[in-house]
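Colleague: Quick one: the structure is below, questions incoming.
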Amino acid sequence: MKANYQFSNICGTVYRQGNILFTLDGNSLLSPVGNRVAVFDLINNKSRTLPFENRKNIAAISLSPNASLLISVDEDGRALLVNFGRGVVLHHFNFQKPVNDVQFSPDGKYIAVTHDSHVQVWRTPNHLVREFAPFVLHRTYTGHHDEVLSIRWSPDSKCFITTSRDMTARLFTLDPLEGFRPKTFAGHRDAVIGAYFSAKGRAIYTVSRDGAVFTWKAKKTEEDKEDMDPADDNVRVVPTSSDASDSIVMTRWGVHERNYFNVPNTKVACTTFHPSSNLLVVGFSTGVFGLWELPQFTNIHTLSISQEKISSVTISPSGEWLAFGARKLGQLLVWEWQSESYILKQQGHYFDMNTLGYAADGQTIATGGDDGKLKVWSVHSGFCFVTFSEHTAPVMDVAFTKQGSVLFSASLDGTVRAFDLIRYRNFRTFTSPSPVQFSALAVDPSGEVVAAGSTDSFEVFLWSVQTGKLLDVLSGHEAPISSLVFCPSGANQLASGSWDRTVRIWSVFGRSRGVETLTLSSDVLSVAFRPDGAEIAASTLDGQITFFDVRSSKQTNMIDGRKDISGGRKADDRVSAANSSSTKAFTSMAYTADGTCILAGGNSKYVVLYDVREGEGALVKKFQISENLSLDGTEEFLDSRKVNSAGINTDLIDDRGDASDLEDRMDTTLPGAARGAGDMSVRKYRQEARTKCVRFSPTGRAWAAASTEGLLIYSLDDTLAFDPFDLTIDLTPQSVLDVLAEREFLKALVLAFRLNEKSLIQRIYESIPRSDVRLVARQVPVVYISALLQFIAEHLEKSPHLEFDLLWIRAVLMAYGRYLRDRSGEFAPVLRAAQKALGDVEQSISRLCDENTSTLRYMIDQSKARQMR
């Protein structure tokens, strides 16, 4: 089995903090997700995550005007310069201080960065040349007396305007001009959030946090200035020169008009401006946004889109779409203001994600979280397409039926619910005779019976899905039940793991009603059946994975994984990472589709893959789910530079009282004696890097982990893997093409598979005549059947040659159907991949036909009408 799984996407989180922005064409939206950047394609309805990681959570991002470079800056001011097209990190740089805003100049030659009360302008590095020190400082601009909040360039890149907490905005020129002093725009009574140039540079708009919008225009000429009252707001506007830059710099600016939003009990949280259409978009601290047209200050409309503060807002280059990010709830919204409709509306789990489950086709993932919500995600697009919020307490476990049309969830609110994924409704609710909390869930292979384990009565409850009635209550465990799983081969066996250090295998449908008890050395945390049902694995609190033969109930193997899973020291740990016992156990396990390997994760930053064939327990690969230093447990050794003179780690000191905003300064701790940094009543805490659940895709091509960062998906990256077999010295791409030129199709196809180059296989595959498909498929050696079916499944998803691919699949299955059936376990991933591709094609064709039914009927009616004439 291949183990070269690479990070593919983050599904469960769409926005964390920082600014969001559109690409130049307006078709894609960039959103910071922790220490990564997610790209949402709004036209094709897909999402992807760029492969690089910052050291900490991203605070600001900016895209160059030609969309070739992306700069992302984390909370500490460490920046990455990335090739946006390839997602490759070009340069690392440290700005030494936290950065509030970073902006490329419109010509792409400079990068302006906020640097506390200063502004630094750097020359943009040449991404085509490798340099030792690519970042060259152009100038540092001073003048503000407090933290700089935003930067906005003029259209010609010769000057820029900055805003600050000192309640002023200042206009700077890129290069020194003789006789020019930076202009100061004062008069606001609160911090200035944003300042913007009009389309032709004849006006400047400043927006403050208290809801005031000032319009600045040119004052009267020097001769008339002496006769004018300085406090007069109604100043006349003089014509500007043809050179926009000179007019902006040399103009004597004055307040032309003052406008106010007049929204009570709220503050302005973020703003943006679209110069060509004169639209000002404002996000408020109450979750309301407004759209105003300047300079008339006409309110186009106001809408409440969130229950919490809007953290970031941006507008597409065409001015049609508005994008909003809400940090506290993790919301990302794209709104088309002209039609008043949502283009994108996504939200992750508010608290931790507890569990996940794959549907049988591998295209859908369901997740349950501490917020009591159940979300269903599309693996193909990366978007959540339905959210169920019927549960009133954390969802602890989810499971799909084998057909994939019904989803079950178990929650601490004492209910097990069944959801119809065709009509999107909760059609069954299962409860116990006395209220209990459910922590584990299992569905039998037929989908007729659902079982749930409790944490307080230590019993297993079984219900009928058809009638909703309680069928049986299985008693015997003496501690909370941690895991439940049905035998996947249909042997009518249910395995339950408990903290009482036992695994019980129940014959739930047999007459004997027998129970087999397997005793272990420590508390059982997770149980998993091998896909063929012949072996069961149990992970315990002491970091061991124990394997049992189901028929003989004898132990066959044991893996001691304490050293493999342990890693990462938390900020308040008194012992080193190597000696900490909190991370040395597997809380979730999953077998691969062919049963040769087992994937395990726990309360650490690692997920490990073991080879468990024939009594082996070899570590195949160790995956690190996150390198984000904003999370607790990602560092192996604590940084002694963060320990102050009192011996306290500065990361543990609550500094919210120093925040500038009132809502961020409020103390939410409980009354009573405090215990310093370890006070559990403090509502602010650092999230830990851990994995609560891991699951393998039924296709075997991917696996997913429910982690602190979100739903991480790892998949096989075939484009980078070179995996040839049976190579000889004379086997080259040219020799394969020579064989193809002689029309020896079978030989050319086998040679291409031996060389294992996708482009070459595709060329030969598409060169085989339609009439020869059946003959060639029948003669392909058995050793290449798996590779051929996998290639056809991938080709079917991307190629327009639909009938050709269907002919190949039919010919292969007709010729090797019995062989594939006898080895169904070995070929399960390949067959599921083919089934997934066929399902996608069927859905797209049926949708296309349904959409065009009315059009076809109309054309038929028109032709009949013409014939009657």
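Here's how to read the names in the structure tokens: chain A, B, ... by the order shown, residue numbers from 1 in each chain, ligand numbers from 1 in the order shown.
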Find the spatial neighbours of stretch 376-385 of chain A, counting only C-alpha atoms, within a cut-off of 8 Å - ignore same-chain residues fewer than 2 positions away - and output them as a ChimeraX atom specification.

Modeller: /A:9-11,45-48,346,362-367,374,387

Colleague: The selected residues should be written to file as a tab-separated table (two decimals), in the first residue's frame (atoms: C-alpha atoms).

Modeller:
chain	number	residue	atom	x	y	z
A	9	ASN	CA	-7.37	20.63	1.93
A	10	ILE	CA	-8.98	22.06	5.07
A	11	CYS	CA	-12.76	21.69	5.03
A	45	ASN	CA	-17.73	26.24	-6.43
A	46	LYS	CA	-14.50	24.67	-5.18
A	47	SER	CA	-12.01	25.36	-2.44
A	48	ARG	CA	-8.35	24.53	-2.00
A	346	GLN	CA	-20.02	29.05	4.97
A	362	GLY	CA	-15.98	8.65	-0.29
A	363	GLN	CA	-17.47	11.89	-1.67
A	364	THR	CA	-19.14	13.11	1.52
A	365	ILE	CA	-17.88	13.69	5.06
A	366	ALA	CA	-20.06	14.39	8.10
A	367	THR	CA	-18.64	16.16	11.17
A	374	LEU	CA	-23.87	18.29	12.46
A	387	THR	CA	-26.09	21.81	8.58

Colleague: Among stretch 48-143 of chain A, which ones does DSSP place in strand (DSSP E), written as a PyMOL selection string?

Modeller: chain A and resi 48-49+58-63+69-74+78-83+88-94+102-104+110-115+118-123+136-141

Colleague: Mind giving me the straight-line distance from atom CA of A:Leu619 to atom CA of A:Asn756 in Å, one decimal?

Modeller: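 These two atoms are separated by 26.7 Å.
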
Colleague: What lies within 10 Å of A:Asp611 using only C-alpha atoms, ignoring chain neighbours under 3 positions off, as a list of chain:residue names?

Modeller: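 Listed by chain and then number, they are A:Met1, A:Thr592, A:Gly595, A:Thr596, A:Cys597, A:Ile598, A:Leu599, A:Glu614, A:Gly615, A:Glu616, A:Gly617, A:Ala618, A:Leu619, A:Val620, A:Lys621.
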
Colleague: Among stretch 462-575 of chain A, which residues does DSSP mark as alpha helix (DSSP H) when it is run on the backbone? Keep the chain and numbering as in the structure and answer as a list in words.

Modeller: Arg562, Lys563, Asp564 and Ile565 of chain A

Colleague: Fewer than 3 positions away in the same chain doesn't count, so skip those; otherwise give me all residues within 6 Å of stretch 74-89 of chain A, counting only C-alpha atoms, as an MDAnalysis selection string.

Modeller: chainID A and resid 50 56:59 68:71 92:99

Colleague: Convert the current residue selection to file output with N, CA, C and O atoms, as a PDB file, in the first residue's frame.

Modeller:
ATOM      1  N   LEU A  50      -3.670  26.385   0.153  1.00  0.00           N
ATOM      2  CA  LEU A  50      -2.284  26.480  -0.305  1.00  0.00           C
ATOM      3  C   LEU A  50      -1.383  25.665   0.620  1.00  0.00           C
ATOM      4  O   LEU A  50      -1.605  25.615   1.841  1.00  0.00           O
ATOM      5  N   LYS A  56       2.775  31.136  12.904  1.00  0.00           N
ATOM      6  CA  LYS A  56       1.622  31.357  13.782  1.00  0.00           C
ATOM      7  C   LYS A  56       0.417  31.749  12.925  1.00  0.00           C
ATOM      8  O   LYS A  56       0.492  31.789  11.694  1.00  0.00           O
ATOM      9  N   ASN A  57      -0.706  32.036  13.593  1.00  0.00           N
ATOM     10  CA  ASN A  57      -1.912  32.437  12.874  1.00  0.00           C
ATOM     11  C   ASN A  57      -1.647  33.689  12.045  1.00  0.00           C
ATOM     12  O   ASN A  57      -0.977  34.621  12.492  1.00  0.00           O
ATOM     13  N   ILE A  58      -2.194  33.711  10.848  1.00  0.00           N
ATOM     14  CA  ILE A  58      -1.953  34.812   9.910  1.00  0.00           C
ATOM     15  C   ILE A  58      -2.751  36.040  10.338  1.00  0.00           C
ATOM     16  O   ILE A  58      -3.936  35.945  10.675  1.00  0.00           O
ATOM     17  N   ALA A  59      -2.095  37.206  10.322  1.00  0.00           N
ATOM     18  CA  ALA A  59      -2.732  38.464  10.705  1.00  0.00           C
ATOM     19  C   ALA A  59      -3.072  39.325   9.499  1.00  0.00           C
ATOM     20  O   ALA A  59      -4.030  40.099   9.543  1.00  0.00           O
ATOM     21  N   SER A  68       0.875  37.218  -9.053  1.00  0.00           N
ATOM     22  CA  SER A  68       1.975  36.254  -9.063  1.00  0.00           C
ATOM     23  C   SER A  68       2.557  36.044  -7.671  1.00  0.00           C
ATOM     24  O   SER A  68       3.080  34.971  -7.369  1.00  0.00           O
ATOM     25  N   LEU A  69       2.473  37.054  -6.793  1.00  0.00           N
ATOM     26  CA  LEU A  69       3.064  36.973  -5.463  1.00  0.00           C
ATOM     27  C   LEU A  69       2.002  37.171  -4.397  1.00  0.00           C
ATOM     28  O   LEU A  69       1.110  38.021  -4.532  1.00  0.00           O
ATOM     29  N   LEU A  70       2.112  36.390  -3.339  1.00  0.00           N
ATOM     30  CA  LEU A  70       1.256  36.536  -2.162  1.00  0.00           C
ATOM     31  C   LEU A  70       2.158  36.688  -0.952  1.00  0.00           C
ATOM     32  O   LEU A  70       3.095  35.908  -0.777  1.00  0.00           O
ATOM     33  N   ILE A  71       1.897  37.698  -0.141  1.00  0.00           N
ATOM     34  CA  ILE A  71       2.643  37.852   1.100  1.00  0.00           C
ATOM     35  C   ILE A  71       1.679  37.634   2.265  1.00  0.00           C
ATOM     36  O   ILE A  71       0.567  38.173   2.287  1.00  0.00           O
ATOM     37  N   HIS A  92      11.511  33.991   3.268  1.00  0.00           N
ATOM     38  CA  HIS A  92      11.064  34.235   4.633  1.00  0.00           C
ATOM     39  C   HIS A  92      11.612  35.584   5.080  1.00  0.00           C
ATOM     40  O   HIS A  92      12.731  35.956   4.714  1.00  0.00           O
ATOM     41  N   PHE A  93      10.811  36.304   5.881  1.00  0.00           N
ATOM     42  CA  PHE A  93      11.288  37.600   6.360  1.00  0.00           C
ATOM     43  C   PHE A  93      10.594  37.916   7.674  1.00  0.00           C
ATOM     44  O   PHE A  93       9.448  37.521   7.909  1.00  0.00           O
ATOM     45  N   ASN A  94      11.305  38.649   8.540  1.00  0.00           N
ATOM     46  CA  ASN A  94      10.769  39.027   9.840  1.00  0.00           C
ATOM     47  C   ASN A  94      10.706  40.541   9.929  1.00  0.00           C
ATOM     48  O   ASN A  94      11.727  41.228   9.872  1.00  0.00           O
ATOM     49  N   PHE A  95       9.489  41.088  10.083  1.00  0.00           N
ATOM     50  CA  PHE A  95       9.314  42.531  10.219  1.00  0.00           C
ATOM     51  C   PHE A  95       9.555  43.009  11.646  1.00  0.00           C
ATOM     52  O   PHE A  95       9.451  44.210  11.910  1.00  0.00           O
ATOM     53  N   GLN A  96       9.812  42.103  12.586  1.00  0.00           N
ATOM     54  CA  GLN A  96      10.205  42.388  13.966  1.00  0.00           C
ATOM     55  C   GLN A  96       9.067  42.853  14.857  1.00  0.00           C
ATOM     56  O   GLN A  96       9.163  42.763  16.077  1.00  0.00           O
ATOM     57  N   LYS A  97       7.965  43.331  14.306  1.00  0.00           N
ATOM     58  CA  LYS A  97       6.837  43.794  15.116  1.00  0.00           C
ATOM     59  C   LYS A  97       5.536  43.314  14.490  1.00  0.00           C
ATOM     60  O   LYS A  97       5.483  43.044  13.294  1.00  0.00           O
ATOM     61  N   PRO A  98       4.458  43.219  15.286  1.00  0.00           N
ATOM     62  CA  PRO A  98       3.159  42.813  14.710  1.00  0.00           C
ATOM     63  C   PRO A  98       2.711  43.766  13.611  1.00  0.00           C
ATOM     64  O   PRO A  98       2.935  44.986  13.692  1.00  0.00           O
ATOM     65  N   VAL A  99       2.089  43.214  12.591  1.00  0.00           N
ATOM     66  CA  VAL A  99       1.680  43.969  11.403  1.00  0.00           C
ATOM     67  C   VAL A  99       0.153  44.003  11.337  1.00  0.00           C
ATOM     68  O   VAL A  99      -0.503  42.957  11.430  1.00  0.00           O
TER      69      VAL A  99
END

Colleague: What's the 8 Å shell around A:Ser626, counting only C-alpha atoms, without same-chain residues fewer than 6 positions away, as number ranges by chain?

Modeller: A: 605, 634, 689, 709

Colleague: Now that the selection is made, can you save its residues with N, CA, C and O atoms as an mmCIF file, in the first residue's frame?

Modeller:
data_model
loop_
_atom_site.group_PDB
_atom_site.id
_atom_site.type_symbol
_atom_site.label_atom_id
_atom_site.label_comp_id
_atom_site.auth_asym_id
_atom_site.auth_seq_id
_atom_site.Cartn_x
_atom_site.Cartn_y
_atom_site.Cartn_z
ATOM 1 N N LYS A 605 0.230 16.254 18.313
ATOM 2 C CA LYS A 605 0.287 16.848 16.978
ATOM 3 C C LYS A 605 0.561 15.818 15.888
ATOM 4 O O LYS A 605 0.673 16.190 14.715
ATOM 5 N N THR A 634 2.696 22.258 20.040
ATOM 6 C CA THR A 634 3.401 22.078 18.768
ATOM 7 C C THR A 634 4.912 22.194 18.936
ATOM 8 O O THR A 634 5.657 21.807 18.040
ATOM 9 N N ALA A 689 -3.026 21.486 19.981
ATOM 10 C CA ALA A 689 -2.931 20.728 18.730
ATOM 11 C C ALA A 689 -3.206 19.262 19.038
ATOM 12 O O ALA A 689 -2.412 18.603 19.702
ATOM 13 N N GLU A 709 -7.330 22.467 14.099
ATOM 14 C CA GLU A 709 -7.295 23.383 12.957
ATOM 15 C C GLU A 709 -8.529 23.269 12.086
ATOM 16 O O GLU A 709 -8.834 24.173 11.319
#

Colleague: For stretch 261-276 of chain A, find every residue with an atom within 7 Å (counting only C-alpha atoms), except residues of its own chain fewer than 4 positions away, and show them as a short mmCIF file (atom, residue, chain, number, x, y, z; two decimals) with N, CA and C atoms, in the first residue's frame.

Modeller:
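Once everything was written out, this is selection-v7.cif:
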data_model
loop_
_atom_site.label_atom_id
_atom_site.label_comp_id
_atom_site.auth_asym_id
_atom_site.auth_seq_id
_atom_site.Cartn_x
_atom_site.Cartn_y
_atom_site.Cartn_z
N ILE A 193 -10.35 54.14 11.06
CA ILE A 193 -10.28 52.75 10.58
C ILE A 193 -9.73 52.69 9.16
N GLY A 194 -10.18 53.60 8.29
CA GLY A 194 -9.74 53.54 6.90
C GLY A 194 -9.77 54.90 6.24
N TYR A 196 -9.47 56.58 2.09
CA TYR A 196 -9.55 56.12 0.69
C TYR A 196 -9.50 57.30 -0.26
N SER A 198 -10.61 58.93 -3.92
CA SER A 198 -11.65 58.79 -4.93
C SER A 198 -11.02 58.37 -6.26
N ALA A 199 -11.86 58.08 -7.25
CA ALA A 199 -11.37 57.51 -8.50
C ALA A 199 -10.37 58.44 -9.20
N ARG A 209 -13.84 54.99 13.91
CA ARG A 209 -14.46 53.88 14.60
C ARG A 209 -15.81 54.26 15.22
N ASP A 210 -16.01 55.55 15.52
CA ASP A 210 -17.27 55.97 16.13
C ASP A 210 -18.37 56.25 15.11
N GLY A 211 -18.12 55.95 13.83
CA GLY A 211 -19.17 56.07 12.83
C GLY A 211 -19.21 57.39 12.09
N ALA A 212 -18.10 58.11 12.00
CA ALA A 212 -18.04 59.38 11.28
C ALA A 212 -17.30 59.19 9.96
N LEU A 280 -18.97 52.66 -0.52
CA LEU A 280 -18.33 52.47 0.76
C LEU A 280 -19.07 51.35 1.50
N VAL A 281 -18.32 50.31 1.86
CA VAL A 281 -18.90 49.18 2.59
C VAL A 281 -18.38 49.23 4.02
N VAL A 282 -19.29 49.14 4.98
CA VAL A 282 -18.93 49.27 6.39
C VAL A 282 -19.49 48.08 7.15
N GLY A 283 -18.62 47.43 7.95
CA GLY A 283 -19.05 46.36 8.83
C GLY A 283 -19.04 46.83 10.28
N PHE A 284 -20.12 46.57 11.00
CA PHE A 284 -20.26 47.07 12.36
C PHE A 284 -20.01 45.95 13.38
N SER A 285 -19.86 46.35 14.63
CA SER A 285 -19.56 45.39 15.70
C SER A 285 -20.76 44.54 16.08
N THR A 286 -21.94 44.87 15.59
CA THR A 286 -23.15 44.10 15.90
C THR A 286 -23.47 43.05 14.84
N ILE A 310 -18.27 41.82 12.63
CA ILE A 310 -17.69 41.56 11.32
C ILE A 310 -16.21 41.97 11.39
N SER A 311 -15.32 41.03 11.16
CA SER A 311 -13.89 41.28 11.36
C SER A 311 -13.22 41.84 10.11
N SER A 312 -13.67 41.43 8.93
CA SER A 312 -13.01 41.85 7.70
C SER A 312 -14.04 41.97 6.59
N VAL A 313 -13.82 42.92 5.71
CA VAL A 313 -14.72 43.12 4.57
C VAL A 313 -13.87 43.48 3.36
N THR A 314 -14.28 43.01 2.20
CA THR A 314 -13.61 43.38 0.95
C THR A 314 -14.64 43.37 -0.16
N ILE A 315 -14.30 44.00 -1.26
CA ILE A 315 -15.21 44.12 -2.41
C ILE A 315 -14.48 43.65 -3.65
N GLY A 319 -16.91 45.33 -8.31
CA GLY A 319 -17.84 46.01 -7.43
C GLY A 319 -19.17 45.30 -7.25
#

Colleague: Residues at most 10 Å from A:Lys469, counting only C-alpha atoms, excluding those fewer than 5 positions away in the same chain, as a count of residues only?

Modeller: 7

Colleague: Have a look at atom CA of A:Arg36 and atom CA of A:Ile625 and let me know their distance in Å, one decimal.

Modeller: 12.2 Å

Colleague: Counting only C-alpha atoms, give me one row per residue of stretch 32-132 of chain A with an atom at most 10 Å from an atom of stretch 330-345 of chain A, showing the shortest contact pair and its distance in Å to one decimal, sorted by chain then residue number, as CSV.

Modeller:
residue,atom,partner,partner_atom,distance
A:Val33,CA,A:Gly330,CA,9.3
A:Phe40,CA,A:Leu344,CA,9.3
A:Leu42,CA,A:Ile343,CA,7.4
A:Ile43,CA,A:Ile343,CA,9.4
A:Asn45,CA,A:Leu344,CA,8.8

Colleague: How would the residues just chosen look if you wrote them out with N, CA and C atoms as a short mmCIF file (atom, residue, chain, number, x, y, z; two decimals), in the first residue's frame?

Modeller:
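part.cif, written as the output of this step:
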data_model
loop_
_atom_site.label_atom_id
_atom_site.label_comp_id
_atom_site.auth_asym_id
_atom_site.auth_seq_id
_atom_site.Cartn_x
_atom_site.Cartn_y
_atom_site.Cartn_z
N VAL A 33 -6.88 30.84 7.18
CA VAL A 33 -7.44 29.78 8.02
C VAL A 33 -6.33 29.34 8.96
N PHE A 40 -11.04 30.11 -2.30
CA PHE A 40 -12.39 29.67 -2.65
C PHE A 40 -12.70 30.14 -4.08
N LEU A 42 -15.21 30.89 -6.57
CA LEU A 42 -16.64 31.19 -6.50
C LEU A 42 -17.36 30.85 -7.79
N ILE A 43 -16.63 30.69 -8.89
CA ILE A 43 -17.26 30.36 -10.17
C ILE A 43 -17.50 28.85 -10.27
N ASN A 45 -17.25 26.76 -7.71
CA ASN A 45 -17.73 26.24 -6.43
C ASN A 45 -16.77 25.19 -5.86
#

Colleague: Of the candidates A:Leu518, A:Val812, A:Leu356, A:Met859, which shows the shortest atom-to-atom distance to A:Ala590, using only C-alpha atoms?

Modeller: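 Residue with the minimum atom-to-atom distance to A:Ala590: A:Leu356.
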